[in-house]
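Structure record follows, encoded as structure tokens.
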Amino acid sequence: MRDNADLDNLPFAEYAAIVAEEGAKRNGKPGAPRLSFGELVASNLTFDEIKADYGEETAINVGIAQDPDAPEWTEEDWARARPAIEMDPELVEWAHRRRGRQKAPRKELISIRLDPDITEYFRAGGPGWQTRLNDTLRRAIFGP
């Protein structure tokens, strides 16, 4: 395989074609058809079939190339791209928000061992299961 530094700067299609060619040399079975990367992408071969003849990395790259939801970006796409902070500053601010330290901690962080069926029951209720467990213990100890 070529030096990774040489491959890192190539567009995906060129990189994948080189990997497919070298994978076929290393992993190919005698008499197996030698398809170009483009032919592999257009083929109906399964991941396992491609992996057997061209190697796992080629099979992964074929899957990437076949994904219609993730096309390779063109130079025009990169030229139009803008940082998220420019497009929606409020969303970025919201995403970076953290709860922060409690001014007066009201809960004690502990480790406790519970039976699996107990934790399964509370977790099945979705987020907030620890609060529900706390409330159940509170009612059991102090009453309604």
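Convention: chains lettered A, B, ... in structure tokens order; per-chain residue numbering from 1; ligands numbered from 1 as shown.
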If we count only C-alpha atoms, what is near Asp48 in chain A at a cut-off of 12 Å, once residues fewer than 6 positions away on the same chain are taken out, given as a PyMOL selection string?
chain A and resi 54-60+62-63
Please provide the set of residues having any atom within 7 Å of Val41 in chain A, restricted to only C-alpha atoms, with same-chain residues fewer than 2 positions apart removed, written as a PyMOL selection string.
chain A and resi 37-39+43+62+65-66
Taking only chain A into account, list the residues labelled helix (DSSP H, G or I) by DSSP (computed from the backbone), as a PyMOL selection string.
chain A and resi 4-8+12-27+37-42+47-54+56-66+75-80+84-87+89-96+116-123+129-142
Please produce a file of the residues just selected, as a PDB file, in the first residue's frame, where the atoms kept are C-alpha atoms.
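Result written to result19.pdb:
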ATOM      1  CA  ASN A   4      -0.826   7.134   3.963  1.00  0.00           C
ATOM      2  CA  ALA A   5       0.429  10.713   3.626  1.00  0.00           C
ATOM      3  CA  ASP A   6       0.135  10.368  -0.166  1.00  0.00           C
ATOM      4  CA  LEU A   7      -3.410   9.002   0.074  1.00  0.00           C
ATOM      5  CA  ASP A   8      -4.751  11.466   2.663  1.00  0.00           C
ATOM      6  CA  PHE A  12     -12.410  10.011  -2.112  1.00  0.00           C
ATOM      7  CA  ALA A  13     -13.013   8.459  -5.533  1.00  0.00           C
ATOM      8  CA  GLU A  14      -9.288   8.412  -6.397  1.00  0.00           C
ATOM      9  CA  TYR A  15      -8.342   7.128  -2.950  1.00  0.00           C
ATOM     10  CA  ALA A  16     -10.970   4.368  -3.109  1.00  0.00           C
ATOM     11  CA  ALA A  17      -9.864   3.306  -6.596  1.00  0.00           C
ATOM     12  CA  ILE A  18      -6.261   2.901  -5.414  1.00  0.00           C
ATOM     13  CA  VAL A  19      -7.371   0.949  -2.349  1.00  0.00           C
ATOM     14  CA  ALA A  20      -9.557  -1.319  -4.523  1.00  0.00           C
ATOM     15  CA  GLU A  21      -6.720  -2.002  -6.933  1.00  0.00           C
ATOM     16  CA  GLU A  22      -4.245  -2.817  -4.170  1.00  0.00           C
ATOM     17  CA  GLY A  23      -6.868  -4.828  -2.279  1.00  0.00           C
ATOM     18  CA  ALA A  24      -7.511  -6.948  -5.356  1.00  0.00           C
ATOM     19  CA  LYS A  25      -3.779  -7.649  -5.655  1.00  0.00           C
ATOM     20  CA  ARG A  26      -3.513  -8.675  -2.000  1.00  0.00           C
ATOM     21  CA  ASN A  27      -6.822 -10.472  -1.478  1.00  0.00           C
ATOM     22  CA  PHE A  37     -13.885   0.818  -8.303  1.00  0.00           C
ATOM     23  CA  GLY A  38     -16.645   2.381 -10.402  1.00  0.00           C
ATOM     24  CA  GLU A  39     -17.762  -1.057 -11.562  1.00  0.00           C
ATOM     25  CA  LEU A  40     -17.810  -2.293  -7.965  1.00  0.00           C
ATOM     26  CA  VAL A  41     -19.994   0.661  -6.953  1.00  0.00           C
ATOM     27  CA  ALA A  42     -22.398  -0.058  -9.825  1.00  0.00           C
ATOM     28  CA  PHE A  47     -20.249  -6.381   1.212  1.00  0.00           C
ATOM     29  CA  ASP A  48     -18.958  -9.890   1.958  1.00  0.00           C
ATOM     30  CA  GLU A  49     -18.353 -10.688  -1.722  1.00  0.00           C
ATOM     31  CA  ILE A  50     -16.378  -7.478  -2.237  1.00  0.00           C
ATOM     32  CA  LYS A  51     -14.473  -8.009   1.015  1.00  0.00           C
ATOM     33  CA  ALA A  52     -13.453 -11.523  -0.062  1.00  0.00           C
ATOM     34  CA  ASP A  53     -12.005 -10.399  -3.404  1.00  0.00           C
ATOM     35  CA  TYR A  54     -10.859  -6.813  -2.707  1.00  0.00           C
ATOM     36  CA  GLU A  56     -12.510  -4.923   3.835  1.00  0.00           C
ATOM     37  CA  GLU A  57     -11.425  -1.340   3.210  1.00  0.00           C
ATOM     38  CA  THR A  58     -12.572  -1.557  -0.405  1.00  0.00           C
ATOM     39  CA  ALA A  59     -15.917  -3.029   0.679  1.00  0.00           C
ATOM     40  CA  ILE A  60     -16.376  -0.163   3.139  1.00  0.00           C
ATOM     41  CA  ASN A  61     -15.471   2.441   0.502  1.00  0.00           C
ATOM     42  CA  VAL A  62     -17.923   0.905  -1.988  1.00  0.00           C
ATOM     43  CA  GLY A  63     -20.636   1.195   0.666  1.00  0.00           C
ATOM     44  CA  ILE A  64     -19.736   4.852   1.205  1.00  0.00           C
ATOM     45  CA  ALA A  65     -19.808   5.563  -2.530  1.00  0.00           C
ATOM     46  CA  GLN A  66     -23.211   3.861  -2.873  1.00  0.00           C
ATOM     47  CA  GLU A  75     -15.405  22.448  -4.849  1.00  0.00           C
ATOM     48  CA  GLU A  76     -18.637  24.461  -5.226  1.00  0.00           C
ATOM     49  CA  ASP A  77     -20.091  22.784  -2.132  1.00  0.00           C
ATOM     50  CA  TRP A  78     -17.007  23.708  -0.109  1.00  0.00           C
ATOM     51  CA  ALA A  79     -17.088  27.278  -1.434  1.00  0.00           C
ATOM     52  CA  ARG A  80     -20.725  27.700  -0.283  1.00  0.00           C
ATOM     53  CA  ALA A  84     -22.634  26.791  11.929  1.00  0.00           C
ATOM     54  CA  ILE A  85     -22.000  29.817  14.174  1.00  0.00           C
ATOM     55  CA  GLU A  86     -22.606  32.089  11.168  1.00  0.00           C
ATOM     56  CA  MET A  87     -25.767  30.295  10.092  1.00  0.00           C
ATOM     57  CA  PRO A  89     -25.681  31.279  16.427  1.00  0.00           C
ATOM     58  CA  GLU A  90     -28.560  30.546  18.829  1.00  0.00           C
ATOM     59  CA  LEU A  91     -28.510  26.846  17.969  1.00  0.00           C
ATOM     60  CA  VAL A  92     -24.744  26.661  18.480  1.00  0.00           C
ATOM     61  CA  GLU A  93     -25.067  28.469  21.823  1.00  0.00           C
ATOM     62  CA  TRP A  94     -27.820  26.065  22.907  1.00  0.00           C
ATOM     63  CA  ALA A  95     -25.716  23.033  21.879  1.00  0.00           C
ATOM     64  CA  HIS A  96     -22.737  24.247  23.928  1.00  0.00           C
ATOM     65  CA  PRO A 116     -31.251  -6.099  37.365  1.00  0.00           C
ATOM     66  CA  ASP A 117     -35.042  -6.377  37.263  1.00  0.00           C
ATOM     67  CA  ILE A 118     -35.335  -3.228  39.413  1.00  0.00           C
ATOM     68  CA  THR A 119     -33.131  -1.122  37.126  1.00  0.00           C
ATOM     69  CA  GLU A 120     -34.806  -2.588  34.009  1.00  0.00           C
ATOM     70  CA  TYR A 121     -38.213  -1.580  35.371  1.00  0.00           C
ATOM     71  CA  PHE A 122     -37.194   2.041  35.980  1.00  0.00           C
ATOM     72  CA  ARG A 123     -35.091   2.392  32.811  1.00  0.00           C
ATOM     73  CA  TRP A 129     -35.571   6.924  35.647  1.00  0.00           C
ATOM     74  CA  GLN A 130     -33.174   7.858  38.472  1.00  0.00           C
ATOM     75  CA  THR A 131     -35.540  10.601  39.644  1.00  0.00           C
ATOM     76  CA  ARG A 132     -38.455   8.132  39.578  1.00  0.00           C
ATOM     77  CA  LEU A 133     -36.387   5.644  41.574  1.00  0.00           C
ATOM     78  CA  ASN A 134     -35.542   8.374  44.110  1.00  0.00           C
ATOM     79  CA  ASP A 135     -39.230   9.358  44.397  1.00  0.00           C
ATOM     80  CA  THR A 136     -40.249   5.708  44.918  1.00  0.00           C
ATOM     81  CA  LEU A 137     -37.696   5.296  47.709  1.00  0.00           C
ATOM     82  CA  ARG A 138     -38.832   8.575  49.295  1.00  0.00           C
ATOM     83  CA  ARG A 139     -42.494   7.432  49.348  1.00  0.00           C
ATOM     84  CA  ALA A 140     -41.495   4.005  50.722  1.00  0.00           C
ATOM     85  CA  ILE A 141     -39.552   5.584  53.585  1.00  0.00           C
ATOM     86  CA  PHE A 142     -41.502   8.739  54.396  1.00  0.00           C
TER      87      PHE A 142
END
Give me, please, the distance in Å between CA of Thr74 in chain A and CA of Leu10 in chain A, quoted to one decimal.
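Answer for the CA of Thr74 in chain A to CA of Leu10 in chain A separation: 13.0 Å.
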